[in-house]
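Visitor: Provided herewith: entry27.cif, mmCIF, C-alpha atoms.
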data_work
#
loop_
_atom_site.label_atom_id
_atom_site.label_comp_id
_atom_site.auth_asym_id
_atom_site.auth_seq_id
_atom_site.Cartn_x
_atom_site.Cartn_y
_atom_site.Cartn_z
CA MET Y 1 0.00 0.00 0.00
CA SER Y 2 1.22 3.38 -0.90
CA SER Y 3 1.80 5.91 1.92
CA ALA Y 4 0.39 9.33 2.30
CA SER Y 5 2.41 11.95 0.54
CA GLY Y 6 4.54 14.41 2.47
CA GLY Y 7 4.99 12.25 5.71
CA ALA Y 8 8.44 11.17 7.07
CA ALA Y 9 9.07 7.58 7.86
CA PRO Y 10 9.84 6.75 11.52
CA GLY Y 11 13.60 6.69 12.39
CA THR Y 12 14.74 8.33 9.25
CA GLY Y 13 15.48 11.76 10.76
CA GLY Y 14 12.48 13.30 9.41
CA GLY Y 15 11.25 16.74 10.49
CA THR Y 16 12.35 20.26 9.93
CA ALA Y 17 15.86 21.59 10.66
CA GLU Y 18 14.55 23.56 13.62
CA GLN Y 19 13.18 20.40 15.17
CA ARG Y 20 16.45 18.55 14.65
CA GLN Y 21 18.43 21.36 16.28
CA ARG Y 22 16.10 21.35 19.31
CA GLY Y 23 16.57 17.61 19.66
CA ILE Y 24 20.37 17.97 19.78
CA TRP Y 25 20.19 20.55 22.57
CA ILE Y 26 17.92 18.27 24.57
CA LEU Y 27 20.45 15.45 24.29
CA VAL Y 28 23.29 17.76 25.35
CA ALA Y 29 21.28 18.98 28.35
CA ALA Y 30 20.48 15.43 29.39
CA ALA Y 31 24.16 14.45 29.22
CA LEU Y 32 25.18 17.42 31.36
CA ALA Y 33 22.49 16.63 33.93
CA PHE Y 34 23.73 13.06 34.19
CA ALA Y 35 27.34 14.16 34.66
CA VAL Y 36 26.48 16.71 37.37
CA LEU Y 37 23.78 14.94 39.34
CA VAL Y 38 24.07 11.19 38.90
CA LEU Y 39 27.78 10.40 38.32
CA PRO Y 40 29.11 12.02 41.61
CA GLN Y 41 26.70 9.96 43.68
CA VAL Y 42 27.90 6.74 42.08
CA VAL Y 43 31.61 7.60 42.68
CA GLU Y 44 31.06 8.68 46.32
CA GLY Y 45 29.16 5.55 47.07
CA ASN Y 46 32.03 3.45 45.74
CA ASP Y 47 34.56 5.29 48.01
CA LYS Y 48 32.49 4.61 51.09
CA THR Y 49 32.13 1.00 50.18
CA SER Y 50 35.85 0.72 49.48
CA PHE Y 51 36.77 2.29 52.88
CA ALA Y 52 34.53 -0.08 54.84
CA GLY Y 53 36.27 -3.03 53.28
CA SER Y 54 39.91 -1.87 53.81
CA PHE Y 55 42.60 -4.53 54.10
CA VAL Y 56 43.78 -5.63 57.58
CA PRO Y 57 47.35 -7.13 57.83
CA SER Y 58 47.55 -10.67 59.16
CA GLY Y 59 48.57 -11.10 62.78
CA GLY Y 60 46.20 -8.64 64.44
CA ALA Y 61 43.72 -5.88 63.96
CA SER Y 62 44.95 -2.42 63.18
CA SER Y 63 44.06 0.50 65.45
CA PRO Y 64 42.05 3.26 63.91
CA PRO Y 65 44.00 6.46 63.42
CA SER Y 66 43.60 9.13 66.04
CA PRO Y 67 42.43 12.62 65.18
CA GLY Y 68 44.84 14.65 63.19
CA GLY Y 69 46.47 11.61 61.62
CA LEU Y 70 48.82 10.86 64.63
CA PRO Y 71 49.36 7.22 65.63
CA GLY Y 72 47.20 6.05 68.52
CA ALA Y 73 50.10 4.75 70.74
CA THR Y 74 52.24 7.02 73.00
CA PRO Y 75 55.39 8.19 71.20
CA THR Y 76 58.39 6.11 72.21
CA GLY Y 77 61.03 8.74 71.55
CA LEU Y 78 60.00 11.17 74.32
CA PRO Y 79 61.88 11.24 77.68
CA SER Y 80 60.17 9.54 80.60
CA ALA Y 81 60.10 10.65 84.24
CA SER Y 82 62.84 8.17 85.12
CA LEU Y 83 65.53 9.84 83.00
CA PRO Y 84 67.92 12.40 84.45
CA GLY Y 85 66.43 15.87 84.41
CA TYR Y 86 62.83 14.68 84.49
CA GLY Y 87 62.35 13.68 88.12
CA SER Y 88 63.53 10.81 90.28
CA SER Y 89 63.18 7.19 89.29
CA SER Y 90 60.23 5.24 90.68
CA SER Y 91 61.90 1.88 90.22
CA GLY Y 92 65.09 2.65 92.12
CA GLY Y 93 67.15 0.48 89.80
CA SER Y 94 70.41 1.50 88.21
CA GLY Y 95 70.27 2.46 84.58
CA GLY Y 96 71.87 0.51 81.80
CA SER Y 97 73.51 1.77 78.69
CA GLY Y 98 71.48 4.34 76.85
CA GLY Y 99 70.20 6.10 79.96
CA GLY Y 100 68.73 4.49 83.05
CA GLY Y 101 66.50 5.50 85.90
CA GLY Y 102 69.06 5.44 88.72
CA PRO Y 103 70.77 8.50 90.17
CA ALA Y 104 73.97 9.64 88.50
CA GLU Y 105 77.13 8.41 90.21
CA THR Y 106 79.30 11.07 91.82
CA GLN Y 107 83.07 10.90 91.45
CA ALA Y 108 85.20 11.29 94.58
CA PRO Y 109 87.31 14.45 94.55
CA ALA Y 110 90.94 13.97 93.67
CA SER Y 111 93.42 13.95 96.54
CA PRO Y 112 95.24 17.25 96.88
CA THR Y 113 98.78 17.30 95.64
CA VAL Y 114 101.26 17.45 98.51
CA ALA Y 115 104.12 19.87 97.96
CA PRO Y 116 107.58 18.31 98.41
CA ASP Y 117 109.71 19.24 101.45
CA PRO Y 118 113.34 19.63 100.27
CA THR Y 119 114.73 19.63 103.83
CA ALA Y 120 112.95 16.39 104.75
CA GLU Y 121 114.20 14.83 101.52
CA ALA Y 122 117.76 15.94 102.31
CA TYR Y 123 117.61 14.32 105.76
CA ARG Y 124 116.23 11.07 104.37
CA ALA Y 125 118.98 10.99 101.73
CA VAL Y 126 121.72 10.82 104.40
CA SER Y 127 123.13 7.38 105.27
CA PRO Y 128 125.32 6.10 108.12
CA GLY Y 129 128.97 6.67 107.25
CA ASP Y 130 128.34 9.96 105.47
CA CYS Y 131 130.18 13.10 106.54
CA LEU Y 132 128.55 16.52 106.81
CA ALA Y 133 129.75 20.12 106.71
CA VAL Y 134 127.70 20.81 109.84
CA TYR Y 135 128.76 22.30 113.17
CA ASP Y 136 127.40 23.96 116.28
CA THR Y 137 127.67 27.76 115.92
CA GLY Y 138 127.67 28.33 119.68
CA TYR Y 139 124.42 30.27 119.42
CA GLY Y 140 122.20 27.27 120.07
CA ASP Y 141 121.87 26.04 116.50
CA TYR Y 142 123.74 24.41 113.65
CA ASN Y 143 125.22 26.38 110.80
CA THR Y 144 122.73 24.78 108.39
CA GLN Y 145 119.55 22.75 108.43
CA MET Y 146 120.34 21.23 105.04
CA PRO Y 147 122.64 18.25 105.72
CA ALA Y 148 124.42 17.87 102.38
CA PRO Y 149 127.03 15.05 102.51
CA VAL Y 150 130.65 15.90 101.70
CA ASP Y 151 133.81 13.87 101.26
CA CYS Y 152 134.98 12.66 104.66
CA GLY Y 153 138.50 13.76 103.83
CA ALA Y 154 137.45 17.35 103.11
CA GLY Y 155 138.48 20.11 105.49
CA LYS Y 156 134.85 21.01 106.18
CA ALA Y 157 133.77 17.45 107.00
CA PHE Y 158 133.16 18.31 110.67
CA MET Y 159 130.65 15.55 111.46
CA TRP Y 160 130.46 11.83 110.79
CA VAL Y 161 127.00 10.22 110.71
CA SER Y 162 127.08 7.12 112.92
CA ALA Y 163 123.39 6.23 112.51
CA VAL Y 164 120.00 7.46 111.26
CA ARG Y 165 117.12 7.15 113.73
CA SER Y 166 113.47 8.14 114.11
CA SER Y 167 114.23 10.28 117.18
CA GLY Y 168 117.22 12.09 118.63
CA GLY Y 169 116.86 10.20 121.89
CA ALA Y 170 117.88 7.01 120.08
CA CYS Y 171 121.30 8.48 119.20
CA PRO Y 172 124.46 7.87 121.28
CA GLN Y 173 125.23 10.63 123.79
CA GLY Y 174 128.69 11.49 125.06
CA PRO Y 175 131.62 13.89 124.61
CA GLY Y 176 131.87 14.80 120.93
CA GLN Y 177 128.50 13.20 120.11
CA ASN Y 178 125.11 14.72 119.40
CA TYR Y 179 122.38 14.66 116.79
CA MET Y 180 120.40 16.87 114.46
CA ALA Y 181 116.76 16.10 113.63
CA TYR Y 182 113.98 17.29 111.39
CA THR Y 183 110.24 16.54 111.54
CA SER Y 184 107.98 16.82 108.51
CA ARG Y 185 104.29 15.78 108.40
CA GLY Y 186 104.65 13.81 111.61
CA ARG Y 187 107.78 11.91 110.58
CA THR Y 188 111.11 12.61 112.30
CA THR Y 189 114.52 11.84 110.87
CA ALA Y 190 117.42 12.09 113.33
CA LEU Y 191 121.06 12.03 112.21
CA CYS Y 192 123.40 10.76 114.93
CA LEU Y 193 126.61 12.82 114.76
CA THR Y 194 130.17 12.19 115.90
CA ARG Y 195 132.57 15.11 115.77
CA GLN Y 196 135.64 14.75 113.56
CA PHE Y 197 138.43 16.66 115.33
CA LYS Y 198 141.31 17.94 113.25
CA VAL Y 199 144.58 19.47 114.36
CA GLY Y 200 144.74 23.22 113.74
CA TYR Y 201 140.98 23.82 114.04
CA CYS Y 202 139.45 25.79 116.91
CA LEU Y 203 136.39 25.36 119.10
CA LEU Y 204 134.56 27.42 121.74
CA ALA Y 205 134.87 26.95 125.51
CA GLU Y 206 133.91 28.56 128.81
CA GLN Y 207 136.56 28.91 131.51
CA THR Y 208 135.61 29.34 135.13
CA GLY Y 209 138.10 30.04 137.93
CA SER Y 210 141.85 30.42 137.56
CA GLY Y 211 145.10 28.72 138.56
CA GLN Y 212 144.61 25.35 140.18
CA GLN Y 213 140.85 26.05 140.42
CA ALA Y 214 140.40 26.69 136.72
CA ARG Y 215 137.80 24.61 134.89
CA MET Y 216 137.20 24.49 131.15
CA ASN Y 217 133.83 23.56 129.68
CA ALA Y 218 134.35 22.96 125.95
CA GLY Y 219 131.69 23.10 123.24
CA LEU Y 220 133.00 19.98 121.56
CA MET Y 221 130.56 20.22 118.64
CA THR Y 222 131.42 23.87 117.90
CA VAL Y 223 133.67 25.29 115.20
CA VAL Y 224 134.99 28.86 115.27
CA ASP Y 225 137.50 31.02 113.47
CA CYS Y 226 140.61 30.82 115.63
CA GLU Y 227 141.09 34.61 115.32
CA ALA Y 228 137.47 35.60 115.92
CA LYS Y 229 137.22 38.89 117.86
CA ARG Y 230 133.85 38.07 119.33
CA VAL Y 231 132.36 34.83 120.63
CA PRO Y 232 128.84 33.86 121.69
CA ALA Y 233 127.89 35.13 125.14
CA ARG Y 234 127.96 31.73 126.81
CA TYR Y 235 131.66 31.25 125.88
CA ASN Y 236 134.78 33.22 126.76
CA ARG Y 237 137.63 31.15 125.30
CA ILE Y 238 138.78 29.85 121.95
CA LEU Y 239 140.63 26.55 122.14
CA HIS Y 240 143.11 25.45 119.50
CA ILE Y 241 143.31 21.71 118.74
CA THR Y 242 146.91 20.58 119.12
CA GLY Y 243 146.57 16.82 118.88
CA VAL Y 244 144.11 13.96 118.25
CA TYR Y 245 145.50 10.64 119.53
CA LYS Y 246 144.49 7.12 120.27
CA ALA Y 247 143.63 7.29 123.94
CA PRO Y 248 146.04 5.38 126.20
CA ALA Y 249 144.94 3.90 129.47
CA ASN Y 250 144.27 6.57 132.09
CA ALA Y 251 144.67 9.28 129.48
CA SER Y 252 145.17 12.85 130.73
CA ALA Y 253 146.57 16.22 129.65
CA ALA Y 254 150.05 14.85 130.47
CA ASN Y 255 149.76 12.71 127.34
CA CYS Y 256 149.36 15.84 125.19
CA ALA Y 257 153.01 16.97 125.30
CA ARG Y 258 154.34 17.35 121.80
CA VAL Y 259 158.04 17.55 122.65
CA GLN Y 260 160.18 16.52 125.59
CA GLY Y 261 159.97 19.03 128.38
CA ASP Y 262 156.90 20.68 126.83
CA ARG Y 263 155.59 23.25 129.33
CA THR Y 264 152.37 24.14 127.41
CA TYR Y 265 149.25 24.16 129.52
CA TYR Y 266 146.89 21.70 127.84
CA TRP Y 267 143.20 20.99 128.18
CA SER Y 268 142.18 17.49 127.19
CA TRP Y 269 139.08 15.29 126.76
CA VAL Y 270 138.57 11.62 126.03
CA VAL Y 271 136.04 11.40 123.22
CA ASN Y 272 134.69 8.94 120.64
CA ASP Y 273 133.42 6.50 123.28
CA GLY Y 274 136.77 6.57 125.12
CA ARG Y 275 138.87 5.71 122.05
CA THR Y 276 140.31 9.16 121.26
CA LEU Y 277 142.31 11.70 123.26
CA LEU Y 278 141.62 15.31 122.24
CA CYS Y 279 144.33 17.82 123.22
CA THR Y 280 143.82 21.60 123.12
CA MET Y 281 145.31 24.83 124.39
CA VAL Y 282 143.96 28.35 124.72
CA TYR Y 283 144.55 30.04 121.39
CA GLN Y 284 147.34 32.61 121.66
CA GLY Y 285 147.22 34.06 118.16
#
Rewrite the structure from the file as structure tokens, please.
Guide:
Amino acid sequence: MSSASGGAAPGTGGGTAEQRQRGIWILVAAALAFAVLVLPQVVEGNDKTSFAGSFVPSGGASSPPSPGGLPGATPTGLPSASLPGYGSSSSGGSGGSGGGGGPAETQAPASPTVAPDPTAEAYRAVSPGDCLAVYDTGYGDYNTQMPAPVDCGAGKAFMWVSAVRSSGGACPQGPGQNYMAYTSRGRTTALCLTRQFKVGYCLLAEQTGSGQQARMNAGLMTVVDCEAKRVPARYNRILHITGVYKAPANASAANCARVQGDRTYYWSWVVNDGRTLLCTMVYQG
């Protein structure tokens, strides 16, 4: 059957140009509406579904994040109250390496350095058998407190050290014997001295009385210039040593004669534990 004239067949794009243009705009508007209103809802719904089904590692459940994105556990790198500078330790135990909770150990102060004593060292350096340039000045002291040893054959070797003791009371006492001592930090060193008498040297003495009543008290440890014009107040004579002999039995001034018929008036003493006869005379100049 033939169709009516002038009509467009369905689906063949019939219609006027204005109608076709309006149809295109309707399709464009529908596409925009779908993109703006429908598509965002589909995407958002997928995100929520995806979040609810997030993966959990094997071995335990994960903790949900705390607000702000920080981990839920307490930070491990912060100092605790048991570390130095943050309060005292509650455990009371000593700390190991890397910082512990115990109190810091205090170091004992170093011992103070003790200054050396040269005089004490000089005394302790002296040995029995040494000779010293030491003598009694007659003023109640020795000429030096520094006992430096000298050669025993030297002219100034006035004393011979017989022993070294911890106190002067332990030294031999007798004519021509004495001691000198020094104490440092509670320790005493005593040098026991024996006088070395030499012919031609002089010593100090005190004379009392005259004639047959004369007495002579000699300072056997003293040394003096034979021509000294002044002497210490306790002395009034200078004696000149004329001889030093091996003491005979019953030694006396009579054994001091130097020549036959010698009429010199001698003063004598037995010294060195009775082994030596010391002969002297008043110095005449």
Visitor: Quote the spacing between atom CA of Ser166 of chain Y and atom CA of Ser111 of chain Y in Å to one decimal place.
Guide: 27.3 Å
Visitor: Decode the PyMOL selection byres ((chain Y and resi 270) around 12) for the given file into explicit residues and return them as a short mmCIF file (atom, residue, chain, number, x, y, z; two decimals) with C-alpha atoms, in the coordinates of the input.
Guide:
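Resulting contents of out29.cif:
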data_model
loop_
_atom_site.label_atom_id
_atom_site.label_comp_id
_atom_site.auth_asym_id
_atom_site.auth_seq_id
_atom_site.Cartn_x
_atom_site.Cartn_y
_atom_site.Cartn_z
CA GLY Y 174 128.69 11.49 125.06
CA PRO Y 175 131.62 13.89 124.61
CA GLY Y 176 131.87 14.80 120.93
CA GLN Y 177 128.50 13.20 120.11
CA PHE Y 197 138.43 16.66 115.33
CA LEU Y 220 133.00 19.98 121.56
CA GLY Y 243 146.57 16.82 118.88
CA VAL Y 244 144.11 13.96 118.25
CA TYR Y 245 145.50 10.64 119.53
CA LYS Y 246 144.49 7.12 120.27
CA ALA Y 247 143.63 7.29 123.94
CA PRO Y 248 146.04 5.38 126.20
CA ALA Y 249 144.94 3.90 129.47
CA ASN Y 250 144.27 6.57 132.09
CA ALA Y 251 144.67 9.28 129.48
CA SER Y 252 145.17 12.85 130.73
CA ALA Y 253 146.57 16.22 129.65
CA ASN Y 255 149.76 12.71 127.34
CA CYS Y 256 149.36 15.84 125.19
CA TRP Y 267 143.20 20.99 128.18
CA SER Y 268 142.18 17.49 127.19
CA TRP Y 269 139.08 15.29 126.76
CA VAL Y 271 136.04 11.40 123.22
CA ASN Y 272 134.69 8.94 120.64
CA ASP Y 273 133.42 6.50 123.28
CA GLY Y 274 136.77 6.57 125.12
CA ARG Y 275 138.87 5.71 122.05
CA THR Y 276 140.31 9.16 121.26
CA LEU Y 277 142.31 11.70 123.26
CA LEU Y 278 141.62 15.31 122.24
CA CYS Y 279 144.33 17.82 123.22
CA THR Y 280 143.82 21.60 123.12
#
Visitor: Kindly give the distance, in Å, that separates atom CA of Gly153 of chain Y and atom CA of Leu204 of chain Y, rounded to a single decimal.
Guide: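 Spanning atom CA of Gly153 of chain Y to atom CA of Leu204 of chain Y is a straight-line distance of 22.9 Å.
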Visitor: List the spatial neighbours of Cys202 of chain Y as a ChimeraX atom specification - criterion: any atom at most 10 Å away, all atoms listed in the file, same-chain residues fewer than 4 positions off excluded.
Guide: /Y:197-198,220,222-227,238-242,280-283
Visitor: Output C-alpha atoms for every residue in that selection, as a PDB file, in the coordinates of the input.
Guide:
ATOM      1  CA  PHE Y 197     138.430  16.660 115.330  1.00  0.00           C
ATOM      2  CA  LYS Y 198     141.310  17.940 113.250  1.00  0.00           C
ATOM      3  CA  LEU Y 220     133.000  19.980 121.560  1.00  0.00           C
ATOM      4  CA  THR Y 222     131.420  23.870 117.900  1.00  0.00           C
ATOM      5  CA  VAL Y 223     133.670  25.290 115.200  1.00  0.00           C
ATOM      6  CA  VAL Y 224     134.990  28.860 115.270  1.00  0.00           C
ATOM      7  CA  ASP Y 225     137.500  31.020 113.470  1.00  0.00           C
ATOM      8  CA  CYS Y 226     140.610  30.820 115.630  1.00  0.00           C
ATOM      9  CA  GLU Y 227     141.090  34.610 115.320  1.00  0.00           C
ATOM     10  CA  ILE Y 238     138.780  29.850 121.950  1.00  0.00           C
ATOM     11  CA  LEU Y 239     140.630  26.550 122.140  1.00  0.00           C
ATOM     12  CA  HIS Y 240     143.110  25.450 119.500  1.00  0.00           C
ATOM     13  CA  ILE Y 241     143.310  21.710 118.740  1.00  0.00           C
ATOM     14  CA  THR Y 242     146.910  20.580 119.120  1.00  0.00           C
ATOM     15  CA  THR Y 280     143.820  21.600 123.120  1.00  0.00           C
ATOM     16  CA  MET Y 281     145.310  24.830 124.390  1.00  0.00           C
ATOM     17  CA  VAL Y 282     143.960  28.350 124.720  1.00  0.00           C
ATOM     18  CA  TYR Y 283     144.550  30.040 121.390  1.00  0.00           C
TER      19      TYR Y 283
END
Visitor: For a cut-off of 12 Å around (134.4, 31.4, 126.5), file coordinates, pick out all residues using only C-alpha atoms and list them as number ranges by chain.
Guide: Y: 138, 203-208, 215-219, 222, 224, 228-239, 282-283
Visitor: Find, counting all atoms listed in the file, the residue in Y:Gly140, Y:Gly168, Y:Gly209, Y:Pro149 that gets nearest to Thr189 of chain Y.
Guide: Y:Gly168
Visitor: Report, in Å to a single decimal, how far apart atom CA of Met221 of chain Y and atom CA of Arg187 of chain Y are.
Guide: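 These two atoms are separated by 25.6 Å.
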Visitor: Convert the output of the PyMOL selection byres ((chain Y and resi 117-134) around 12) on the shown file into explicit residues, formatted as a ChimeraX atom specification.
Guide: /Y:114-116,135-137,141-166,178-196,221-223
Visitor: For segment 190-209 of chain Y, I'd like the enclosing box, axis-aligned and padded by 5 Å on every side, reported as JSON with centre and edge lengths in Å to one decimal.
Guide:
{"center_x": 131.1, "center_y": 20.4, "center_z": 125.1, "size_x": 37.3, "size_y": 29.3, "size_z": 35.7}
